[in-house]
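Asks: This is coords27.txt, which holds compact mmCIF, C-alpha atoms:
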```
# COMPACT_ATOMS: atom_id res chain seq x y z
CA MET A 1 11.50 1.13 25.02
CA TRP A 2 13.82 3.20 22.85
CA ILE A 3 15.81 0.13 21.83
CA VAL A 4 12.89 -1.28 19.85
CA TYR A 5 12.13 2.03 18.15
CA GLY A 6 15.83 2.69 17.56
CA PHE A 7 16.29 -0.67 15.83
CA LEU A 8 13.19 -0.19 13.69
CA ALA A 9 14.09 3.41 12.80
CA TYR A 10 17.52 2.26 11.61
CA ARG A 11 15.95 -0.46 9.47
CA THR A 12 12.95 1.36 8.00
CA HIS A 13 14.23 4.93 7.57
CA ASP A 14 10.62 6.01 8.10
CA GLN A 15 9.42 7.49 11.38
CA ALA A 16 5.76 6.54 10.98
CA THR A 17 6.56 2.94 10.03
CA ALA A 18 9.03 2.62 12.90
CA GLU A 19 6.41 3.95 15.33
CA ASP A 20 3.73 1.58 13.99
CA LEU A 21 6.03 -1.43 14.18
CA THR A 22 7.16 -0.44 17.69
CA GLN A 23 3.54 -0.32 18.82
CA ALA A 24 2.84 -3.69 17.20
CA THR A 25 5.92 -5.13 18.90
CA PHE A 26 4.65 -4.22 22.35
CA GLU A 27 1.12 -5.39 21.54
CA ASN A 28 2.49 -8.77 20.47
CA ALA A 29 4.75 -8.90 23.53
CA LEU A 30 1.80 -8.27 25.86
CA ARG A 31 -0.23 -11.02 24.20
CA ALA A 32 2.72 -13.45 24.37
CA TRP A 33 4.04 -12.47 27.81
CA SER A 34 3.08 -15.83 29.32
CA ARG A 35 5.44 -17.53 26.83
CA PHE A 36 8.48 -15.41 27.74
CA ASP A 37 11.20 -17.59 29.23
CA PRO A 38 14.04 -15.66 30.90
CA ARG A 39 16.25 -18.77 30.71
CA LYS A 40 16.30 -18.43 26.91
CA GLY A 41 17.29 -14.76 26.82
CA SER A 42 16.72 -11.30 28.18
CA GLU A 43 13.51 -9.31 27.80
CA ARG A 44 15.37 -6.92 25.51
CA THR A 45 16.48 -9.72 23.18
CA TRP A 46 12.97 -11.19 23.20
CA LEU A 47 11.41 -7.82 22.30
CA LEU A 48 13.89 -7.27 19.48
CA ALA A 49 13.20 -10.75 18.13
CA ILE A 50 9.50 -9.82 17.98
CA ALA A 51 10.37 -6.49 16.33
CA ARG A 52 12.61 -8.22 13.80
CA ASN A 53 9.87 -10.71 12.87
CA LEU A 54 7.36 -7.87 12.44
CA LEU A 55 9.86 -6.01 10.25
CA ILE A 56 10.33 -9.08 8.05
CA ASP A 57 6.54 -9.43 7.75
CA HIS A 58 6.24 -5.71 6.96
CA HIS A 59 8.79 -5.99 4.12
CA ARG A 60 7.02 -9.05 2.72
CA ARG A 61 3.63 -7.28 2.75
CA ASP A 62 5.16 -4.12 1.32
CA ARG A 63 6.77 -6.00 -1.58
CA SER A 64 3.58 -7.84 -2.43
CA SER A 65 1.37 -4.74 -2.34
CA ARG A 66 3.43 -2.47 -4.64
CA ALA A 67 6.52 -2.31 -6.76
CA GLU A 68 9.71 -3.00 -4.86
CA ILE A 69 11.56 0.12 -3.75
CA GLU A 70 15.26 0.03 -3.03
CA GLU A 71 16.10 0.85 0.58
CA ASP A 72 18.44 3.67 -0.42
CA MET A 73 15.52 5.41 -2.15
CA LEU A 74 13.63 5.72 1.14
CA PRO A 75 13.86 8.98 3.10
CA ALA A 76 16.02 9.04 6.22
CA VAL A 77 14.45 10.18 9.48
CA ALA A 78 15.89 11.13 12.83
CA GLY A 79 16.28 8.37 15.39
CA PRO A 80 14.83 8.40 18.87
CA GLU A 81 17.40 10.83 20.18
CA ASP A 82 17.82 12.86 16.99
CA ARG A 83 21.41 11.72 16.66
CA PRO A 84 23.36 12.80 13.59
CA MET A 85 23.01 9.18 12.36
CA ALA A 86 20.01 10.32 10.33
CA SER A 87 22.16 12.55 8.14
CA HIS A 88 21.83 12.04 4.44
CA GLU A 89 25.48 11.04 4.00
CA ILE A 90 25.33 8.34 6.65
CA ALA A 91 21.99 7.02 5.40
CA ASP A 92 23.47 6.78 1.90
CA ALA A 93 26.56 5.02 3.24
CA LEU A 94 24.42 2.55 5.20
CA GLY A 95 22.44 1.88 2.02
CA ARG A 96 25.64 0.73 0.32
CA LEU A 97 26.19 -2.01 2.92
CA SER A 98 24.67 -5.47 2.66
CA ASP A 99 21.37 -6.20 4.37
CA ARG A 100 23.13 -8.39 6.92
CA ASP A 101 25.65 -5.65 7.71
CA ARG A 102 22.86 -3.08 8.14
CA GLU A 103 20.91 -5.45 10.38
CA VAL A 104 23.87 -6.11 12.70
CA ILE A 105 24.63 -2.37 12.90
CA ALA A 106 20.95 -1.61 13.61
CA LEU A 107 20.78 -4.23 16.37
CA ARG A 108 24.02 -2.98 17.93
CA PHE A 109 23.49 0.76 17.73
CA GLY A 110 19.74 1.17 17.17
CA GLY A 111 18.70 -1.71 19.40
CA ASP A 112 21.61 -1.29 21.83
CA LEU A 113 22.20 -5.04 21.97
CA THR A 114 25.50 -6.57 23.00
CA GLY A 115 27.43 -8.96 20.77
CA PRO A 116 26.19 -12.06 22.62
CA GLU A 117 22.58 -10.82 22.40
CA ILE A 118 22.90 -10.23 18.65
CA ALA A 119 24.46 -13.67 18.20
CA GLU A 120 21.57 -15.26 20.08
CA LEU A 121 18.94 -13.34 18.14
CA LEU A 122 20.44 -14.09 14.71
CA GLY A 123 21.59 -17.63 15.47
CA LEU A 124 25.25 -16.77 14.84
CA THR A 125 28.39 -17.26 16.87
CA LEU A 126 29.70 -14.32 18.87
CA ALA A 127 32.89 -14.37 16.81
CA ASN A 128 30.85 -14.12 13.61
CA VAL A 129 28.83 -11.17 14.95
CA GLN A 130 32.01 -9.39 16.04
CA GLN A 131 33.58 -9.98 12.63
CA ILE A 132 30.47 -8.74 10.77
CA LEU A 133 30.27 -5.65 12.97
CA SER A 134 33.97 -4.87 12.64
CA ARG A 135 33.97 -5.28 8.84
CA SER A 136 30.71 -3.34 8.50
CA LEU A 137 32.05 -0.39 10.46
CA ARG A 138 35.28 -0.40 8.43
CA LYS A 139 33.24 -0.45 5.20
CA LEU A 140 31.05 2.36 6.50
CA ARG A 141 34.09 4.45 7.46
CA SER A 142 35.66 3.82 4.05
CA ILE A 143 32.48 4.85 2.23
CA LEU A 144 32.20 8.01 4.34
CA ASP A 145 35.86 8.83 3.71
CA GLU A 146 35.28 8.43 -0.06
CA THR A 147 32.44 10.95 0.09
CA GLY A 148 34.47 13.41 2.17
CA PHE A 149 32.13 13.20 5.14
CA SER A 150 33.67 14.41 8.40
CA LYS A 151 32.50 12.31 11.30
CA LEU A 152 33.52 15.04 13.73
CA THR A 153 31.43 17.85 12.30
CA GLY A 154 28.80 15.92 10.39
CA GLU A 155 29.50 18.03 7.31
CA ALA A 156 31.24 17.38 4.04
CA ARG A 157 34.88 18.34 4.08
CA SER A 158 35.95 21.07 1.72
CA ARG A 159 38.43 19.80 -0.86
```
Would you write out, as structure tokens, the structure that this file holds?
Replies:
Amino acid sequence: MWIVYGFLAYRTHDQATAEDLTQATFENALRAWSRFDPRKGSERTWLLAIARNLLIDHHRRDRSSRAEIEEDMLPAVAGPEDRPMASHEIADALGRLSDRDREVIALRFGGDLTGPEIAELLGLTLANVQQILSRSLRKLRSILDETGFSKLTGEARSR
């Protein structure tokens, strides 16, 4: 499913890592399928919860195996549909947001989850998720405006 890869691509900024974690997500889901309970949430939310846990484990392993690298130092890669979201300016702007803000944006736009699904996955209220998303998008827009990035053309504006 593209939603799993999309979420992981937003969060890792590395195509190979996102592909590996996507594969691991579906392997884990197949092994745990008998434990899936549709009364607790949708299949999509369940898969993204698995992906999120694998991502957390990946970051823990990565930090323990080598020196910590700041997320904004990682290269940006195209998402599953090669959207302009992988542009350098947007990746830099996302890197200036908090980890929580980036995670909510990745779940909403990379994972294509709804507000209630994000709230369920993160253990937050819907109002809190909506507030985080709204503030995060305003911050992102402000950062992009500061850098002169034109969201319509995907290019820096001439000054």
Asks: Pick from A:Arg108, A:Arg141, A:Arg135, A:Arg35: nearest to A:Ile3, with only C-alpha atoms counted?
Replies: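 So, comparing all the options, the nearest one is A:Arg108.
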Asks: For a test of reading the model, state the distance in Å between atom CA of A:Thr45 and atom CA of A:Gly111, rounded to one decimal.
Replies: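 Separating atom CA of A:Thr45 from atom CA of A:Gly111 is a distance of 9.1 Å.
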Asks: Could you list, as a list in words, every residue within 10 Å of A:Asn128, counting all atoms listed in the file and ignoring same-chain residues fewer than 4 positions away?
Replies: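 Selected residues are Gly115, Ala119, Leu124, Ile132, Leu133 and Ser134 of chain A.
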Asks: Calculate how many Å separate atom CA of A:Ala24 from atom CA of A:Gly123, rounding to one decimal.
Replies: 23.4 Å
Asks: Output as JSON the centre and edge lengths (Å, one decimal) of the box along x, y and z of the file that holds every listed atom of stretch 2-16 of chain A after adding 3 Å on each side.
Replies:
```
{"center_x": 11.6, "center_y": 3.1, "center_z": 15.2, "size_x": 17.8, "size_y": 14.8, "size_z": 21.3}
```
Asks: Using all atoms listed in the file, pick whichever of A:Ala29, A:Leu21, A:Leu144, A:Leu137 has the shortest atom-to-atom distance to A:Phe7.
Replies: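 Among A:Ala29, A:Leu21, A:Leu144, A:Leu137, it is A:Leu21 that comes nearest to A:Phe7.
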Asks: Which residue out of A:Leu30, A:Leu48, A:Ala93, A:Ile56 has the minimum interatomic distance to A:Gly6 when all atoms listed in the file are used?
Replies: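 Closest to A:Gly6 of all the choices is A:Leu48.
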Asks: Expressed in Å to a single decimal, how great is the separation between atom CA of A:Tyr5 and atom CA of A:Glu19?
Replies: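 These two atoms are separated by 6.7 Å.
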Asks: So that I can see what lies close to A:Ala49, please list as a list in words the residues with an atom at most 10 Å from it, counting only C-alpha atoms and leaving out residues fewer than 4 positions away in the same chain.
Replies: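 In the requested form, the answer reads Val4, Thr25, Glu43, Arg44, Thr45, Asn53, Leu54, Leu55, Ile118, Glu120, Leu121 and Leu122 of chain A.
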Asks: Using all atoms listed in the file, which of the listed residues (A:Leu8, A:Gly110, A:Leu94, A:Glu146) sits closest to A:Gln23?
Replies: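 Residue with the minimum atom-to-atom distance to A:Gln23: A:Leu8.
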Asks: Find, counting all atoms listed in the file, the residue in A:Trp46, A:Phe109, A:Arg39, A:Asp62 that gets nearest to A:Trp2.
Replies: A:Phe109
Asks: Excluding same-chain residues fewer than 4 positions from A:Ser136, what lies within 8 Å of it counting all atoms listed in the file, as a list of chain:residue names?
Replies: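 Selected residues are A:Leu97, A:Asp101, A:Arg102, A:Ile105, A:Ile132, A:Leu140.
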Asks: With distances taken over only C-alpha atoms, which of A:Asp145, A:Tyr10, A:Ile50, A:Lys40 is nearest to A:Asp112?
Replies: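 Of the candidates, the smallest distance to A:Asp112 is held by A:Tyr10.
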